[in-house]
file work_36.cif (mmCIF, C-alpha atoms)
data_target
#
loop_
_atom_site.label_atom_id
_atom_site.label_comp_id
_atom_site.auth_asym_id
_atom_site.auth_seq_id
_atom_site.Cartn_x
_atom_site.Cartn_y
_atom_site.Cartn_z
CA MET A 1 64.98 -54.08 -38.07
CA PRO A 2 61.57 -52.82 -36.86
CA GLU A 3 60.47 -54.02 -33.44
CA ASN A 4 57.21 -55.33 -34.91
CA ASP A 5 58.90 -57.30 -37.69
CA PRO A 6 56.65 -60.26 -38.58
CA LEU A 7 59.55 -62.72 -38.42
CA ASP A 8 60.44 -61.56 -34.92
CA GLN A 9 56.81 -61.86 -33.88
CA ALA A 10 56.59 -65.37 -35.30
CA ALA A 11 59.82 -66.41 -33.57
CA ASP A 12 58.54 -65.03 -30.26
CA ALA A 13 55.26 -66.89 -30.69
CA VAL A 14 57.07 -70.18 -31.36
CA ASP A 15 59.33 -69.56 -28.37
CA SER A 16 56.36 -68.91 -26.08
CA ALA A 17 54.53 -71.98 -27.36
CA LEU A 18 57.60 -74.13 -26.69
CA ASP A 19 57.81 -72.71 -23.17
CA GLU A 20 54.20 -73.67 -22.52
CA ILE A 21 54.61 -77.17 -23.97
CA THR A 22 57.72 -77.92 -21.89
CA GLY A 23 56.58 -76.25 -18.66
CA VAL A 24 58.98 -73.31 -18.79
CA PRO A 25 57.41 -70.22 -17.13
CA THR A 26 56.16 -67.81 -19.78
CA ASP A 27 56.69 -64.88 -17.41
CA ASP A 28 60.25 -63.67 -16.89
CA GLY A 29 61.81 -63.39 -13.48
CA GLU A 30 64.09 -60.49 -12.63
CA ILE A 31 66.50 -60.40 -15.57
CA GLU A 32 69.87 -58.66 -15.52
CA GLU A 33 72.74 -58.45 -17.98
CA PHE A 34 76.19 -58.28 -16.44
CA THR A 35 79.32 -57.40 -18.42
CA ALA A 36 82.97 -57.64 -17.41
CA SER A 37 86.22 -58.25 -19.30
CA GLY A 38 84.44 -58.05 -22.64
CA MET A 39 81.92 -60.81 -21.84
CA THR A 40 78.25 -60.66 -20.91
CA LEU A 41 76.15 -63.12 -18.96
CA LEU A 42 72.42 -62.96 -18.41
CA ALA A 43 70.96 -63.80 -15.00
CA GLU A 44 67.32 -64.49 -14.18
CA ALA A 45 66.39 -64.36 -10.49
CA ARG A 46 63.26 -65.71 -8.83
CA GLY A 47 62.27 -65.99 -5.19
CA ALA A 48 62.36 -63.66 -2.22
CA GLU A 49 65.09 -61.04 -2.21
CA SER A 50 65.22 -61.45 1.58
CA ALA A 51 65.91 -65.22 1.44
CA GLU A 52 68.97 -66.36 3.37
CA THR A 53 70.00 -69.01 0.84
CA THR A 54 70.93 -68.19 -2.76
CA PHE A 55 71.09 -70.94 -5.37
CA VAL A 56 73.02 -70.13 -8.57
CA LEU A 57 72.58 -72.46 -11.55
CA ILE A 58 75.11 -72.89 -14.38
CA HIS A 59 74.07 -74.84 -17.49
CA GLY A 60 76.02 -77.22 -19.71
CA ILE A 61 77.30 -76.88 -23.26
CA GLY A 62 74.68 -75.94 -25.83
CA MET A 63 72.13 -75.19 -23.13
CA GLY A 64 70.81 -72.09 -21.35
CA ARG A 65 69.09 -71.00 -18.17
CA LYS A 66 65.60 -72.03 -19.32
CA VAL A 67 66.38 -75.74 -19.13
CA PHE A 68 66.48 -75.32 -15.35
CA ALA A 69 62.78 -74.36 -15.11
CA ASP A 70 61.77 -77.44 -13.11
CA LEU A 71 64.73 -77.15 -10.74
CA VAL A 72 64.05 -73.42 -10.23
CA ARG A 73 60.42 -74.17 -9.37
CA ARG A 74 61.44 -76.75 -6.76
CA LEU A 75 64.19 -74.64 -5.15
CA GLN A 76 62.36 -71.29 -5.17
CA PRO A 77 60.34 -71.93 -1.97
CA HIS A 78 63.65 -72.46 -0.17
CA GLY A 79 65.67 -69.45 -1.30
CA ARG A 80 66.57 -66.99 -4.01
CA VAL A 81 67.28 -68.84 -7.28
CA ILE A 82 69.43 -67.32 -10.03
CA ALA A 83 69.81 -69.12 -13.36
CA ILE A 84 72.58 -67.92 -15.65
CA ASP A 85 73.05 -67.83 -19.42
CA GLN A 86 76.80 -68.07 -19.98
CA PRO A 87 78.31 -65.82 -22.69
CA GLY A 88 77.14 -67.00 -26.10
CA TYR A 89 74.43 -69.28 -24.73
CA GLY A 90 70.70 -68.84 -24.25
CA GLU A 91 69.95 -65.15 -24.65
CA ALA A 92 73.41 -63.90 -23.68
CA PRO A 93 75.33 -62.24 -26.53
CA GLU A 94 78.20 -64.03 -28.23
CA PRO A 95 81.57 -62.78 -26.92
CA PRO A 96 84.32 -61.62 -29.33
CA ARG A 97 86.22 -64.83 -28.60
CA THR A 98 85.19 -68.05 -26.92
CA PRO A 99 86.16 -67.93 -23.24
CA THR A 100 87.92 -70.69 -21.35
CA MET A 101 86.26 -72.31 -18.35
CA GLU A 102 88.50 -70.19 -16.13
CA ARG A 103 87.51 -66.89 -17.77
CA THR A 104 83.82 -67.78 -17.57
CA ALA A 105 84.31 -68.65 -13.89
CA ASP A 106 85.89 -65.26 -13.26
CA LEU A 107 82.90 -63.59 -14.92
CA VAL A 108 80.44 -65.55 -12.77
CA ALA A 109 82.45 -64.69 -9.65
CA ALA A 110 82.47 -61.00 -10.59
CA TYR A 111 78.69 -61.16 -10.92
CA LEU A 112 78.39 -62.85 -7.51
CA HIS A 113 80.52 -60.10 -5.96
CA LYS A 114 78.30 -57.52 -7.62
CA ILE A 115 75.02 -58.87 -6.25
CA SER A 116 76.54 -59.16 -2.74
CA ARG A 117 74.38 -62.01 -1.46
CA GLY A 118 77.18 -63.75 0.41
CA PRO A 119 78.44 -67.27 -0.32
CA VAL A 120 76.00 -69.15 -2.55
CA VAL A 121 74.99 -72.73 -3.26
CA LEU A 122 76.56 -73.09 -6.71
CA ILE A 123 74.99 -75.77 -8.92
CA GLY A 124 76.58 -76.78 -12.21
CA HIS A 125 75.28 -79.25 -14.77
CA SER A 126 77.55 -81.04 -17.27
CA MET A 127 80.00 -78.41 -18.63
CA GLY A 128 78.58 -76.07 -16.01
CA THR A 129 80.28 -78.23 -13.37
CA GLN A 130 83.65 -77.25 -14.85
CA VAL A 131 82.81 -73.55 -14.57
CA ALA A 132 81.35 -74.02 -11.07
CA THR A 133 84.45 -75.90 -9.88
CA GLU A 134 86.71 -73.14 -11.15
CA VAL A 135 84.58 -70.54 -9.35
CA ALA A 136 84.88 -72.53 -6.11
CA VAL A 137 88.68 -72.79 -6.43
CA ARG A 138 89.53 -69.37 -7.86
CA HIS A 139 87.01 -67.45 -5.73
CA PRO A 140 86.31 -69.64 -2.67
CA GLN A 141 84.73 -66.82 -0.69
CA THR A 142 81.79 -66.80 -3.12
CA VAL A 143 80.77 -70.46 -2.66
CA GLU A 144 79.21 -71.95 0.45
CA ARG A 145 78.32 -75.31 -1.08
CA LEU A 146 79.02 -76.83 -4.48
CA VAL A 147 76.76 -79.21 -6.43
CA LEU A 148 78.13 -81.01 -9.50
CA VAL A 149 75.44 -82.73 -11.59
CA ALA A 150 76.66 -85.05 -14.38
CA PRO A 151 80.23 -83.70 -14.22
CA THR A 152 82.36 -83.45 -17.35
CA VAL A 153 84.81 -83.97 -18.96
CA ASP A 154 85.54 -87.64 -18.31
CA ARG A 155 89.33 -87.79 -18.64
CA HIS A 156 89.03 -91.27 -20.17
CA HIS A 157 86.95 -89.91 -23.07
CA ARG A 158 88.35 -86.44 -23.73
CA HIS A 159 87.42 -86.40 -27.44
CA ALA A 160 84.65 -84.50 -29.20
CA LEU A 161 83.38 -87.51 -31.21
CA SER A 162 83.35 -89.69 -28.10
CA GLN A 163 81.44 -87.06 -26.13
CA LEU A 164 78.88 -86.53 -28.91
CA ALA A 165 78.40 -90.25 -29.47
CA ARG A 166 77.83 -90.89 -25.79
CA LEU A 167 75.40 -87.98 -25.56
CA GLY A 168 73.53 -89.32 -28.57
CA VAL A 169 73.15 -92.75 -26.95
CA ASP A 170 72.09 -91.08 -23.70
CA LEU A 171 69.33 -89.15 -25.50
CA LEU A 172 67.82 -92.28 -27.07
CA GLY A 173 64.43 -92.72 -25.44
CA GLU A 174 64.70 -89.39 -23.63
CA SER A 175 61.50 -87.43 -22.99
CA PRO A 176 60.12 -85.01 -25.64
CA LYS A 177 60.58 -82.23 -23.08
CA VAL A 178 64.32 -82.79 -22.96
CA LEU A 179 64.62 -83.09 -26.74
CA LEU A 180 62.60 -79.94 -27.47
CA LEU A 181 64.38 -77.78 -24.90
CA GLY A 182 67.76 -79.11 -25.94
CA ALA A 183 67.13 -78.50 -29.62
CA ARG A 184 66.13 -74.90 -29.01
CA GLU A 185 69.13 -74.13 -26.83
CA TYR A 186 71.62 -75.79 -29.18
CA LEU A 187 70.30 -73.63 -32.02
CA ARG A 188 70.80 -70.54 -29.86
CA ALA A 189 74.35 -71.59 -28.97
CA GLY A 190 75.52 -71.64 -32.61
CA PRO A 191 77.38 -70.85 -34.77
CA HIS A 192 80.53 -71.27 -32.65
CA LEU A 193 79.61 -74.52 -30.91
CA ARG A 194 82.76 -76.25 -32.18
CA ARG A 195 84.98 -73.65 -30.48
CA LYS A 196 82.91 -73.96 -27.32
CA MET A 197 83.35 -77.73 -27.36
CA THR A 198 87.10 -77.22 -27.70
CA ALA A 199 87.13 -74.91 -24.66
CA MET A 200 85.26 -77.56 -22.67
CA LEU A 201 87.52 -80.43 -23.75
CA THR A 202 90.73 -78.50 -23.15
CA HIS A 203 89.88 -77.90 -19.51
CA ARG A 204 91.13 -80.53 -17.05
CA PRO A 205 88.79 -80.54 -14.03
CA GLU A 206 90.62 -83.47 -12.44
CA ASP A 207 93.50 -81.07 -11.73
CA VAL A 208 91.15 -78.67 -9.95
CA TYR A 209 88.98 -80.95 -7.79
CA PRO A 210 91.58 -81.52 -5.03
CA ARG A 211 91.67 -77.75 -4.38
CA VAL A 212 87.94 -77.33 -3.75
CA GLU A 213 87.34 -76.20 -0.17
CA ALA A 214 83.53 -76.12 -0.17
CA PRO A 215 81.45 -79.16 0.78
CA THR A 216 80.46 -80.78 -2.52
CA LEU A 217 77.62 -83.01 -3.69
CA VAL A 218 78.13 -85.05 -6.87
CA ILE A 219 74.92 -86.18 -8.60
CA ARG A 220 74.76 -88.72 -11.43
CA GLY A 221 71.84 -90.19 -13.35
CA GLU A 222 71.91 -93.98 -13.22
CA ARG A 223 71.75 -94.26 -17.04
CA ASP A 224 74.18 -91.43 -17.81
CA ARG A 225 76.46 -92.46 -20.68
CA VAL A 226 78.44 -89.19 -20.66
CA SER A 227 79.36 -89.01 -16.96
CA THR A 228 80.19 -92.65 -16.30
CA VAL A 229 80.17 -94.51 -13.00
CA ARG A 230 83.96 -94.77 -13.11
CA TRP A 231 84.44 -91.06 -13.78
CA CYS A 232 81.97 -89.87 -11.13
CA ALA A 233 83.63 -92.12 -8.57
CA GLU A 234 86.97 -90.49 -9.43
CA VAL A 235 85.43 -87.03 -9.15
CA THR A 236 83.92 -87.79 -5.75
CA ALA A 237 87.18 -89.30 -4.48
CA ALA A 238 89.24 -86.31 -5.66
CA LEU A 239 87.11 -83.75 -3.82
CA PRO A 240 88.25 -83.17 -0.22
CA ASP A 241 84.72 -82.93 1.27
CA SER A 242 82.28 -84.79 -0.94
CA ARG A 243 79.30 -87.07 -1.08
CA HIS A 244 77.59 -88.83 -4.02
CA PHE A 245 73.97 -89.36 -5.04
CA THR A 246 72.52 -91.46 -7.87
CA VAL A 247 69.21 -90.58 -9.52
CA PHE A 248 67.80 -93.94 -10.56
CA GLY A 249 66.16 -94.25 -13.95
CA HIS A 250 67.64 -90.97 -15.22
CA GLY A 251 70.39 -90.13 -17.69
CA HIS A 252 72.66 -87.15 -18.31
CA GLU A 253 69.78 -84.65 -18.47
CA THR A 254 68.34 -85.56 -15.07
CA LEU A 255 67.83 -81.91 -14.05
CA ILE A 256 65.83 -81.23 -17.20
CA ARG A 257 63.72 -84.38 -17.37
CA ASP A 258 62.47 -84.31 -13.77
CA ALA A 259 64.40 -82.30 -11.19
CA ARG A 260 62.48 -83.57 -8.16
CA PRO A 261 64.94 -86.28 -6.94
CA ALA A 262 67.99 -84.06 -7.42
CA ALA A 263 66.28 -81.05 -5.85
CA GLN A 264 65.29 -83.05 -2.78
CA ARG A 265 68.86 -84.28 -2.33
CA ILE A 266 70.27 -80.77 -2.86
CA LEU A 267 67.99 -79.38 -0.16
CA ARG A 268 69.04 -82.13 2.27
CA PHE A 269 72.66 -81.38 1.42
CA CYS A 270 72.12 -77.72 2.30
CA ASP A 271 70.78 -78.73 5.72
CA GLU A 272 73.76 -80.95 6.56
CA GLU A 273 76.26 -79.78 9.16
#
call {"tool": "encode", "arguments": {"input": "work_36.cif", "output": "structure tokens"}}
result
Amino acid sequence: MPENDPLDQAADAVDSALDEITGVPTDDGEIEEFTASGMTLLAEARGAESAETTFVLIHGIGMGRKVFADLVRRLQPHGRVIAIDQPGYGEAPEPPRTPTMERTADLVAAYLHKISRGPVVLIGHSMGTQVATEVAVRHPQTVERLVLVAPTVDRHHRHALSQLARLGVDLLGESPKVLLLGAREYLRAGPHLRRKMTAMLTHRPEDVYPRVEAPTLVIRGERDRVSTVRWCAEVTAALPDSRHFTVFGHGHETLIRDARPAAQRILRFCDEE
């Protein structure tokens, strides 16, 4: 298809307009595709190359790196920030088969080894917490600190319909910014979203948490219907070196709606002994 195809131009224009409306930077950072074991992730880096601290952000199901725009903006003055599109999400190509959380974690770890920036502050949101936890356990030398925001999957509600229903309730009254960004990313994540949901639900993070060596911060939005109070308390208790923070007035998409409270707590966490 020609590069100047009118449909492509129209799609790009809509994409740019949505970025402007929702506050996503219209200029790209340093973008790199990384491929290993038949899968490709896309990483966008911002901030000083010479920074001592590296923050790596891993999105949830149906999402992509662009939903982290507000968090990236708030962390960038404090380090190098790298937001990742997992295989088949955002602008990363769909893999031949849907990877497990473990295989995605191995891909992320291989990328971290490749960029050679030392142990990172690894931040996962929703399903991204499952990938981040597996990275921390399977490749502990890559992770200095671990941040789990709205961790899934609640073992008491390990069913697709339950997860979708709870997310739907959580989104009621959510900001237009969250709804617009979410809608775009979910469209990009198709057409294999059902298989991706299965990969998420099959994973049992509760079996992995006790083996995490890195200091860990668990963040939950006060109104989160997906990551419940009961579940997040279990997650925090299962982690050997953990602390918990509640973002009042926020739901499951706290990092997308307004990342300021979470970002402030993450930065304090990084300064703790």
call {"tool": "atom_distance", "arguments": {"input": "work_36.cif", "atom1": "CA of Glu52 (chain A)", "atom2": "CA of Gln130 (chain A)"}}
result
25.8 Å
call {"tool": "axis_aligned_box", "arguments": {"input": "work_36.cif", "around": "region 83-88 of chain A", "padding_each_side": "5 Å", "output": "AutoDock Vina command-line options"}}
result
--center_x 74.1 --center_y -67.5 --center_z -19.7 --size_x 18.5 --size_y 13.3 --size_z 22.7
call {"tool": "closest_residue", "arguments": {"input": "work_36.cif", "among": "A:Leu217, A:Ala132, A:Val121, A:Ala48", "to": "Ala105 (chain A)", "atoms": "only C-alpha atoms"}}
result
A:Ala132
call {"tool": "residues_around", "arguments": {"input": "work_36.cif", "residues": "Pro151 (chain A)", "least_positions_apart": "6", "cutoff": "10 Å", "atoms": "all atoms listed in the file", "output": "VMD selection string"}}
result
chain A and resid 60 124 to 130 133 205 218 to 220 226 to 228 231 to 232 235 252
call {"tool": "atom_distance", "arguments": {"input": "work_36.cif", "atom1": "CA of Gly29 (chain A)", "atom2": "CA of His139 (chain A)"}}
result
26.7 Å
call {"tool": "closest_residue", "arguments": {"input": "work_36.cif", "among": "A:Lys196, A:His244, A:Arg257, A:Arg204", "to": "Arg97 (chain A)", "atoms": "all atoms listed in the file"}}
result
A:Lys196
call {"tool": "closest_residue", "arguments": {"input": "work_36.cif", "among": "A:Ser37, A:Thr254, A:Gln76, A:Thr202", "to": "Ala110 (chain A)", "atoms": "all atoms listed in the file"}}
result
A:Ser37
call {"tool": "closest_residue", "arguments": {"input": "work_36.cif", "among": "A:Leu122, A:Met200, A:Leu255, A:Val149", "to": "Val81 (chain A)", "atoms": "only C-alpha atoms"}}
result
A:Leu122
call {"tool": "atom_distance", "arguments": {"input": "work_36.cif", "atom1": "CA of Lys114 (chain A)", "atom2": "CA of Gly79 (chain A)"}}
result
18.5 Å
call {"tool": "resolve_selection", "arguments": {"input": "work_36.cif", "expression": "the PyMOL selection byres ((chain A and resi 85-96) around 8)", "output": "PyMOL selection string"}}
result
chain A and resi 33+38-43+58-59+62-66+83-84+97-99+104+185+188-189
call {"tool": "write_last_selection", "arguments": {"input": "work_36.cif", "atoms": "C-alpha atoms", "output": "PDB file, in the frame of the given file"}}
result
ATOM      1  CA  GLU A  33      72.740 -58.450 -17.980  1.00  0.00           C
ATOM      2  CA  GLY A  38      84.440 -58.050 -22.640  1.00  0.00           C
ATOM      3  CA  MET A  39      81.920 -60.810 -21.840  1.00  0.00           C
ATOM      4  CA  THR A  40      78.250 -60.660 -20.910  1.00  0.00           C
ATOM      5  CA  LEU A  41      76.150 -63.120 -18.960  1.00  0.00           C
ATOM      6  CA  LEU A  42      72.420 -62.960 -18.410  1.00  0.00           C
ATOM      7  CA  ALA A  43      70.960 -63.800 -15.000  1.00  0.00           C
ATOM      8  CA  ILE A  58      75.110 -72.890 -14.380  1.00  0.00           C
ATOM      9  CA  HIS A  59      74.070 -74.840 -17.490  1.00  0.00           C
ATOM     10  CA  GLY A  62      74.680 -75.940 -25.830  1.00  0.00           C
ATOM     11  CA  MET A  63      72.130 -75.190 -23.130  1.00  0.00           C
ATOM     12  CA  GLY A  64      70.810 -72.090 -21.350  1.00  0.00           C
ATOM     13  CA  ARG A  65      69.090 -71.000 -18.170  1.00  0.00           C
ATOM     14  CA  LYS A  66      65.600 -72.030 -19.320  1.00  0.00           C
ATOM     15  CA  ALA A  83      69.810 -69.120 -13.360  1.00  0.00           C
ATOM     16  CA  ILE A  84      72.580 -67.920 -15.650  1.00  0.00           C
ATOM     17  CA  ARG A  97      86.220 -64.830 -28.600  1.00  0.00           C
ATOM     18  CA  THR A  98      85.190 -68.050 -26.920  1.00  0.00           C
ATOM     19  CA  PRO A  99      86.160 -67.930 -23.240  1.00  0.00           C
ATOM     20  CA  THR A 104      83.820 -67.780 -17.570  1.00  0.00           C
ATOM     21  CA  GLU A 185      69.130 -74.130 -26.830  1.00  0.00           C
ATOM     22  CA  ARG A 188      70.800 -70.540 -29.860  1.00  0.00           C
ATOM     23  CA  ALA A 189      74.350 -71.590 -28.970  1.00  0.00           C
TER      24      ALA A 189
END
call {"tool": "resolve_selection", "arguments": {"input": "work_36.cif", "expression": "the PyMOL selection byres ((chain A and resi 258) around 12)", "output": "number ranges by chain"}}
result
A: 22-23, 67-74, 174-175, 177-178, 221, 247-257, 259-264
call {"tool": "resolve_selection", "arguments": {"input": "work_36.cif", "expression": "the PyMOL selection byres ((chain A and resi 137) around 8)", "output": "ChimeraX atom specification"}}
result
/A:133-136,138-140,208,211-213
call {"tool": "decode", "arguments": {"input": "work_36.cif", "residues": "region 118-138 of chain A", "atoms": "N, CA, C and O atoms", "output": "PDB file, in the first residue's frame"}}
result
ATOM      1  N   GLY A 118      21.857  -1.518  33.854  1.00  0.00           N
ATOM      2  CA  GLY A 118      21.876  -1.966  35.229  1.00  0.00           C
ATOM      3  C   GLY A 118      20.477  -2.277  35.731  1.00  0.00           C
ATOM      4  O   GLY A 118      19.498  -2.175  34.984  1.00  0.00           O
ATOM      5  N   PRO A 119      20.346  -2.653  37.008  1.00  0.00           N
ATOM      6  CA  PRO A 119      19.014  -2.954  37.548  1.00  0.00           C
ATOM      7  C   PRO A 119      18.098  -1.741  37.446  1.00  0.00           C
ATOM      8  O   PRO A 119      18.518  -0.605  37.683  1.00  0.00           O
ATOM      9  N   VAL A 120      16.845  -1.970  37.090  1.00  0.00           N
ATOM     10  CA  VAL A 120      15.908  -0.885  36.832  1.00  0.00           C
ATOM     11  C   VAL A 120      14.810  -0.854  37.891  1.00  0.00           C
ATOM     12  O   VAL A 120      14.634  -1.802  38.664  1.00  0.00           O
ATOM     13  N   VAL A 121      14.078   0.259  37.912  1.00  0.00           N
ATOM     14  CA  VAL A 121      12.831   0.337  38.666  1.00  0.00           C
ATOM     15  C   VAL A 121      11.745  -0.121  37.708  1.00  0.00           C
ATOM     16  O   VAL A 121      11.419   0.567  36.744  1.00  0.00           O
ATOM     17  N   LEU A 122      11.201  -1.298  37.941  1.00  0.00           N
ATOM     18  CA  LEU A 122      10.250  -1.919  37.019  1.00  0.00           C
ATOM     19  C   LEU A 122       8.831  -1.672  37.520  1.00  0.00           C
ATOM     20  O   LEU A 122       8.487  -2.061  38.639  1.00  0.00           O
ATOM     21  N   ILE A 123       8.025  -1.005  36.705  1.00  0.00           N
ATOM     22  CA  ILE A 123       6.673  -0.600  37.093  1.00  0.00           C
ATOM     23  C   ILE A 123       5.665  -1.290  36.188  1.00  0.00           C
ATOM     24  O   ILE A 123       5.673  -1.091  34.970  1.00  0.00           O
ATOM     25  N   GLY A 124       4.804  -2.094  36.778  1.00  0.00           N
ATOM     26  CA  GLY A 124       3.759  -2.769  36.014  1.00  0.00           C
ATOM     27  C   GLY A 124       2.395  -2.288  36.439  1.00  0.00           C
ATOM     28  O   GLY A 124       2.164  -2.001  37.621  1.00  0.00           O
ATOM     29  N   HIS A 125       1.485  -2.185  35.476  1.00  0.00           N
ATOM     30  CA  HIS A 125       0.102  -1.814  35.771  1.00  0.00           C
ATOM     31  C   HIS A 125      -0.829  -2.938  35.334  1.00  0.00           C
ATOM     32  O   HIS A 125      -0.726  -3.441  34.211  1.00  0.00           O
ATOM     33  N   SER A 126      -1.733  -3.345  36.222  1.00  0.00           N
ATOM     34  CA  SER A 126      -2.732  -4.372  35.927  1.00  0.00           C
ATOM     35  C   SER A 126      -2.033  -5.650  35.431  1.00  0.00           C
ATOM     36  O   SER A 126      -1.173  -6.187  36.128  1.00  0.00           O
ATOM     37  N   MET A 127      -2.358  -6.156  34.238  1.00  0.00           N
ATOM     38  CA  MET A 127      -1.675  -7.349  33.743  1.00  0.00           C
ATOM     39  C   MET A 127      -0.163  -7.154  33.686  1.00  0.00           C
ATOM     40  O   MET A 127       0.606  -8.112  33.834  1.00  0.00           O
ATOM     41  N   GLY A 128       0.269  -5.924  33.492  1.00  0.00           N
ATOM     42  CA  GLY A 128       1.703  -5.644  33.470  1.00  0.00           C
ATOM     43  C   GLY A 128       2.399  -5.995  34.775  1.00  0.00           C
ATOM     44  O   GLY A 128       3.604  -6.256  34.792  1.00  0.00           O
ATOM     45  N   THR A 129       1.631  -6.029  35.897  1.00  0.00           N
ATOM     46  CA  THR A 129       2.237  -6.442  37.163  1.00  0.00           C
ATOM     47  C   THR A 129       2.611  -7.917  37.128  1.00  0.00           C
ATOM     48  O   THR A 129       3.579  -8.332  37.773  1.00  0.00           O
ATOM     49  N   GLN A 130       1.842  -8.720  36.390  1.00  0.00           N
ATOM     50  CA  GLN A 130       2.149 -10.150  36.283  1.00  0.00           C
ATOM     51  C   GLN A 130       3.449 -10.361  35.510  1.00  0.00           C
ATOM     52  O   GLN A 130       4.296 -11.175  35.902  1.00  0.00           O
ATOM     53  N   VAL A 131       3.608  -9.626  34.419  1.00  0.00           N
ATOM     54  CA  VAL A 131       4.843  -9.701  33.648  1.00  0.00           C
ATOM     55  C   VAL A 131       6.009  -9.186  34.484  1.00  0.00           C
ATOM     56  O   VAL A 131       7.078  -9.812  34.557  1.00  0.00           O
ATOM     57  N   ALA A 132       5.821  -8.042  35.148  1.00  0.00           N
ATOM     58  CA  ALA A 132       6.895  -7.443  35.938  1.00  0.00           C
ATOM     59  C   ALA A 132       7.338  -8.367  37.075  1.00  0.00           C
ATOM     60  O   ALA A 132       8.539  -8.498  37.366  1.00  0.00           O
ATOM     61  N   THR A 133       6.366  -9.028  37.720  1.00  0.00           N
ATOM     62  CA  THR A 133       6.704  -9.950  38.805  1.00  0.00           C
ATOM     63  C   THR A 133       7.520 -11.123  38.282  1.00  0.00           C
ATOM     64  O   THR A 133       8.498 -11.551  38.919  1.00  0.00           O
ATOM     65  N   GLU A 134       7.147 -11.639  37.124  1.00  0.00           N
ATOM     66  CA  GLU A 134       7.913 -12.744  36.539  1.00  0.00           C
ATOM     67  C   GLU A 134       9.329 -12.298  36.158  1.00  0.00           C
ATOM     68  O   GLU A 134      10.291 -13.062  36.319  1.00  0.00           O
ATOM     69  N   VAL A 135       9.476 -11.080  35.667  1.00  0.00           N
ATOM     70  CA  VAL A 135      10.821 -10.567  35.376  1.00  0.00           C
ATOM     71  C   VAL A 135      11.645 -10.548  36.656  1.00  0.00           C
ATOM     72  O   VAL A 135      12.805 -10.995  36.688  1.00  0.00           O
ATOM     73  N   ALA A 136      11.057 -10.032  37.738  1.00  0.00           N
ATOM     74  CA  ALA A 136      11.780  -9.902  39.001  1.00  0.00           C
ATOM     75  C   ALA A 136      12.200 -11.244  39.572  1.00  0.00           C
ATOM     76  O   ALA A 136      13.251 -11.356  40.214  1.00  0.00           O
ATOM     77  N   VAL A 137      11.405 -12.289  39.337  1.00  0.00           N
ATOM     78  CA  VAL A 137      11.705 -13.615  39.883  1.00  0.00           C
ATOM     79  C   VAL A 137      12.624 -14.408  38.952  1.00  0.00           C
ATOM     80  O   VAL A 137      13.582 -15.047  39.397  1.00  0.00           O
ATOM     81  N   ARG A 138      12.348 -14.369  37.670  1.00  0.00           N
ATOM     82  CA  ARG A 138      13.125 -15.155  36.707  1.00  0.00           C
ATOM     83  C   ARG A 138      14.460 -14.507  36.363  1.00  0.00           C
ATOM     84  O   ARG A 138      15.411 -15.209  36.006  1.00  0.00           O
TER      85      ARG A 138
END
